[in-house]
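Worksheet: one structure, shown below.
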Amino acid sequence: MIITFEGIEGCGKSTQIEKFKESLKKLKLDYVTFREPGGTELSEEIREILLNKDLDISPLSELLLFESARAELITKKILPEIGKKIIIIDRFIDSTTAYQGYGRGIPIEIISKLNEIVVGDIKIDRTYLLDAPIEILEKRNSHKKKDRIERESFDFHNRIRMGFLKIAQKNIDRVLIIDATKSVEEIQKIILEDFLKIYGYSTTG
Ligand code: TMP
């Protein structure tokens with residue numbers, strides 16, 4: 001089973017992934033987590049390049065670097081775990097569609113084709129999309145040091161937010177939009193209840 005977490009910068013993904021892991025631990029469910037880009041030695045090296053604020057990277061190179069990092073992660077880490085553990089991924093193909101497609105303007109068909117080649121027939125069971133207006137999240141994260149992508153303009157990040165919402169509309173059965181302005185506890189509850197329904201458990205007993 002594959003669960004992905006998506007959203008714009010500062011939406012609270014990492015906190016929620018930590019909470020979700022704690023819940024799975026309590027339920028004694030076996031899981032493994034990965035982040036994208038990252039998760040293998042080479043993918044982490046690619047991450048360093050992609051987030052380096054001193055580098056100027058063209059949109060197409062950026063796209064191909066994200067896909068290379070993904071190809072490594074899938075082959076070396078994700079495929080061996082399929083069918084064995086719950087696989088949690090912090091960002092996956094929807095981030096590429098949102099950032100390189102809606103954000104950078106690369107045609108969505110090209111992104112989809114590349115994602116298809118790299119991901120093969122791996123199926124995502126559920127995606128939690130944490131959504132909130134950019135201005136709220138920017139305020140929340142104004143003290144943080146910004147990487148190459150975080151430093152981009154308000155408009156760029158807003159296109160990505162709208163892109164994620166379009167992806168959710170097109171994949172209504174897979175993507176659950178969650179209001180990221182809710183409290184950590186409220187969001188944690190929404191995610192856990194939804195997950196348990198999908199996983200076939202009942203929260204009431
Ligand atoms: P994060 O792991 O801290 O969220 O940082 C990853 C950054 O990379 C974030 O700005 C989103 C961006 N990204 C893309 O632009 N395309 C992708 O395909 C992925 C996985 C991430």
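Chain identifiers are assigned as A, B, and so on, following the order in which chains appear in the structure tokens; residues are numbered from 1 within each chain, and ligands are numbered from 1 in order of appearance.
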Taking only C-alpha atoms and all ligand atoms and a cut-off of 8 Å, can you tell me which residues surround ligand 1, written as a VMD selection string? chain A and resid 8 to 9 35 to 37 47 50 to 51 62 to 63 66 to 67 70 90 to 100 147 to 150
Export, as a compact mmCIF listing (two decimals), in the first residue's frame, the selected residues with N, CA, C and O atoms.
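Below you can see out_26.txt, which holds the result:
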```
# COMPACT_ATOMS: atom_id res chain seq x y z
N ILE A 8 2.01 22.54 -0.84
CA ILE A 8 2.99 23.60 -1.08
C ILE A 8 3.93 23.73 0.13
O ILE A 8 3.70 23.11 1.17
N GLU A 9 4.94 24.58 -0.04
CA GLU A 9 5.94 24.75 1.01
C GLU A 9 5.28 25.17 2.33
O GLU A 9 4.40 26.03 2.33
N ARG A 35 11.36 10.26 1.36
CA ARG A 35 11.04 11.61 0.93
C ARG A 35 11.58 11.81 -0.48
O ARG A 35 12.58 11.19 -0.88
N GLU A 36 10.90 12.68 -1.20
CA GLU A 36 11.36 12.99 -2.55
C GLU A 36 11.67 14.47 -2.68
O GLU A 36 10.88 15.29 -2.18
N PRO A 37 12.73 14.86 -3.37
CA PRO A 37 13.76 13.96 -3.85
C PRO A 37 14.61 13.47 -2.68
O PRO A 37 14.82 14.20 -1.75
N ARG A 47 19.18 15.81 -4.67
CA ARG A 47 18.41 16.77 -3.85
C ARG A 47 19.26 18.01 -3.53
O ARG A 47 18.80 19.14 -3.63
N LEU A 50 19.41 20.15 -6.54
CA LEU A 50 18.12 20.78 -6.85
C LEU A 50 17.74 21.91 -5.89
O LEU A 50 17.08 22.87 -6.29
N LEU A 51 18.17 21.78 -4.64
CA LEU A 51 17.76 22.80 -3.66
C LEU A 51 18.82 23.89 -3.44
O LEU A 51 18.59 24.85 -2.72
N GLU A 62 15.74 20.59 -14.51
CA GLU A 62 15.14 20.40 -13.18
C GLU A 62 14.20 19.19 -13.19
O GLU A 62 14.28 18.31 -12.34
N LEU A 63 13.35 19.16 -14.21
CA LEU A 63 12.40 18.05 -14.34
C LEU A 63 13.14 16.71 -14.41
O LEU A 63 12.80 15.75 -13.70
N PHE A 66 14.65 15.64 -11.07
CA PHE A 66 13.65 15.08 -10.16
C PHE A 66 13.30 13.65 -10.57
O PHE A 66 13.17 12.77 -9.72
N GLU A 67 13.17 13.44 -11.88
CA GLU A 67 12.80 12.10 -12.35
C GLU A 67 13.94 11.09 -12.14
O GLU A 67 13.69 9.92 -11.86
N ARG A 70 13.87 10.07 -8.63
CA ARG A 70 12.72 9.18 -8.43
C ARG A 70 13.03 7.77 -8.96
O ARG A 70 12.70 6.77 -8.30
N ASP A 90 6.84 11.23 1.19
CA ASP A 90 6.74 12.68 1.37
C ASP A 90 7.04 13.31 0.00
O ASP A 90 8.20 13.44 -0.36
N ARG A 91 6.01 13.64 -0.74
CA ARG A 91 6.03 14.12 -2.14
C ARG A 91 6.29 12.97 -3.10
O ARG A 91 7.10 12.09 -2.85
N PHE A 92 5.57 13.03 -4.23
CA PHE A 92 5.78 12.03 -5.28
C PHE A 92 5.37 12.67 -6.61
O PHE A 92 5.56 13.89 -6.77
N ILE A 93 4.80 11.89 -7.53
CA ILE A 93 4.56 12.41 -8.89
C ILE A 93 3.70 13.69 -8.95
O ILE A 93 3.88 14.49 -9.84
N ASP A 94 2.78 13.86 -8.00
CA ASP A 94 1.93 15.07 -8.06
C ASP A 94 2.77 16.33 -7.87
O ASP A 94 2.43 17.39 -8.42
N SER A 95 3.85 16.24 -7.10
CA SER A 95 4.72 17.41 -6.92
C SER A 95 5.35 17.78 -8.26
O SER A 95 5.53 18.97 -8.56
N THR A 96 5.70 16.79 -9.06
CA THR A 96 6.32 17.10 -10.37
C THR A 96 5.30 17.78 -11.28
O THR A 96 5.62 18.77 -11.95
N THR A 97 4.08 17.25 -11.28
CA THR A 97 3.04 17.87 -12.11
C THR A 97 2.78 19.30 -11.63
O THR A 97 2.68 20.23 -12.44
N ALA A 98 2.70 19.48 -10.31
CA ALA A 98 2.39 20.80 -9.77
C ALA A 98 3.56 21.79 -9.97
O ALA A 98 3.35 22.90 -10.48
N TYR A 99 4.77 21.38 -9.60
CA TYR A 99 5.91 22.33 -9.64
C TYR A 99 6.46 22.52 -11.05
O TYR A 99 6.60 23.64 -11.52
N GLN A 100 6.82 21.39 -11.71
CA GLN A 100 7.45 21.54 -13.03
C GLN A 100 6.39 21.79 -14.11
O GLN A 100 6.66 22.46 -15.10
N ASP A 147 15.38 27.61 0.43
CA ASP A 147 16.19 26.96 -0.60
C ASP A 147 15.84 27.52 -1.99
O ASP A 147 15.04 28.44 -2.11
N ARG A 148 16.44 26.93 -3.04
CA ARG A 148 16.28 27.48 -4.41
C ARG A 148 14.82 27.57 -4.83
O ARG A 148 14.41 28.55 -5.49
N ILE A 149 14.01 26.59 -4.44
CA ILE A 149 12.61 26.59 -4.89
C ILE A 149 11.74 27.44 -3.97
O ILE A 149 10.88 28.18 -4.43
N GLU A 150 12.02 27.38 -2.68
CA GLU A 150 11.23 28.19 -1.72
C GLU A 150 11.38 29.69 -1.99
O GLU A 150 10.50 30.48 -1.66
```
Please identify the strand (DSSP E or B) residues within stretch 29-128 of chain A (assignment by DSSP from backbone atoms) and present them as an MDAnalysis selection string. chainID A and resid 31:35 86:90 126:128
Produce a file of the selected residues containing N, CA and C atoms, as a short mmCIF file (atom, residue, chain, number, x, y, z; two decimals), in the first residue's frame.
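Here's the written file selection-v2.cif:
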```
data_model
loop_
_atom_site.label_atom_id
_atom_site.label_comp_id
_atom_site.auth_asym_id
_atom_site.auth_seq_id
_atom_site.Cartn_x
_atom_site.Cartn_y
_atom_site.Cartn_z
N TYR A 31 5.58 -0.04 8.55
CA TYR A 31 5.64 0.99 7.50
C TYR A 31 7.08 1.35 7.20
N VAL A 32 7.23 2.02 6.06
CA VAL A 32 8.53 2.56 5.71
C VAL A 32 8.27 3.94 5.09
N THR A 33 9.16 4.91 5.36
CA THR A 33 8.91 6.25 4.80
C THR A 33 10.08 6.69 3.92
N PHE A 34 9.72 7.43 2.88
CA PHE A 34 10.72 8.01 1.99
C PHE A 34 10.35 9.46 1.72
N ARG A 35 11.36 10.26 1.36
CA ARG A 35 11.04 11.61 0.93
C ARG A 35 11.58 11.81 -0.48
N ILE A 86 3.49 -0.73 4.62
CA ILE A 86 2.81 0.49 4.18
C ILE A 86 3.92 1.47 3.78
N ILE A 87 3.86 1.94 2.56
CA ILE A 87 4.92 2.83 2.07
C ILE A 87 4.39 4.27 2.11
N ILE A 88 5.07 5.11 2.89
CA ILE A 88 4.66 6.51 3.00
C ILE A 88 5.69 7.34 2.23
N ILE A 89 5.22 8.18 1.32
CA ILE A 89 6.17 9.01 0.57
C ILE A 89 5.83 10.49 0.73
N ASP A 90 6.84 11.23 1.19
CA ASP A 90 6.74 12.68 1.37
C ASP A 90 7.04 13.31 0.00
N ARG A 126 -3.55 6.30 -1.76
CA ARG A 126 -4.17 7.50 -1.23
C ARG A 126 -3.17 8.63 -1.16
N THR A 127 -3.64 9.84 -1.46
CA THR A 127 -2.79 11.03 -1.36
C THR A 127 -3.46 12.04 -0.46
N TYR A 128 -2.72 12.52 0.54
CA TYR A 128 -3.23 13.57 1.41
C TYR A 128 -2.62 14.89 0.96
#
```
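The set of residues in stretch 64-93 of chain A assigned to alpha helix (DSSP H) by DSSP, using only backbone atoms of this structure, is Leu64, Leu65, Phe66, Glu67, Ser68, Ala69, Arg70, Ala71, Glu72, Leu73 and Ile93 of chain A.
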Go through A:Gln169, A:Pro133, A:Ile124, A:Glu72 one by one, measure the shortest atom-to-atom distance of each to A:Glu41 using only C-alpha atoms, and give the residue with the smallest value. A:Glu72
From A:Lys113, A:Lys189, A:Lys182, A:Lys197, residue lying nearest A:Ser23 [only C-alpha atoms]: A:Lys189
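Take the candidates A:Phe5, A:Leu27, A:Glu45, A:Gly83 and check each one against A:Phe164 using only C-alpha atoms; the shortest distance goes to A:Phe5.
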Would you mind listing what lies within 12 Å of A:Ser183 as a PDB file with C-alpha atoms, in the first residue's frame, with only C-alpha atoms counted and same-chain residues fewer than 6 positions away left out?
```
ATOM      1  CA  CYS A  11       1.880  23.239   4.594  1.00  0.00           C
ATOM      2  CA  GLY A  12       2.734  21.018   7.576  1.00  0.00           C
ATOM      3  CA  THR A  15       4.608  17.233  10.985  1.00  0.00           C
ATOM      4  CA  GLN A  16       1.664  15.200   9.733  1.00  0.00           C
ATOM      5  CA  LEU A 130      -2.532  19.736   2.613  1.00  0.00           C
ATOM      6  CA  LYS A 189      -7.490  12.864  13.094  1.00  0.00           C
ATOM      7  CA  ILE A 190      -8.822  13.423   9.562  1.00  0.00           C
TER       8      ILE A 190
END
```
Two-atom distance - atom CA of A:Asp194, atom CA of A:Tyr102 (Å): 27.9 Å
Write out as a PDB file with C-alpha atoms, in the first residue's frame each polymer residue whose atoms come within 8 Å of A:Leu192, counting only C-alpha atoms; drop sequence neighbours fewer than 4 positions from it.
```pdb
ATOM      1  CA  PHE A  20       0.863   9.427  10.993  1.00  0.00           C
ATOM      2  CA  SER A  23      -0.367   6.296  14.807  1.00  0.00           C
ATOM      3  CA  GLN A 188      -4.006  14.156  12.252  1.00  0.00           C
ATOM      4  CA  LEU A 196      -8.320   3.371   8.660  1.00  0.00           C
TER       5      LEU A 196
END
```
Would you work out the distance separating atom CA of A:Arg174 from atom CA of A:Lys25, expressed in Å to one decimal? 23.8 Å
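Using only C-alpha atoms, the shortest contact distance between A:Pro59 and any of A:Leu137, A:Met1, A:Ile106, A:Ile191 is found at A:Ile106.
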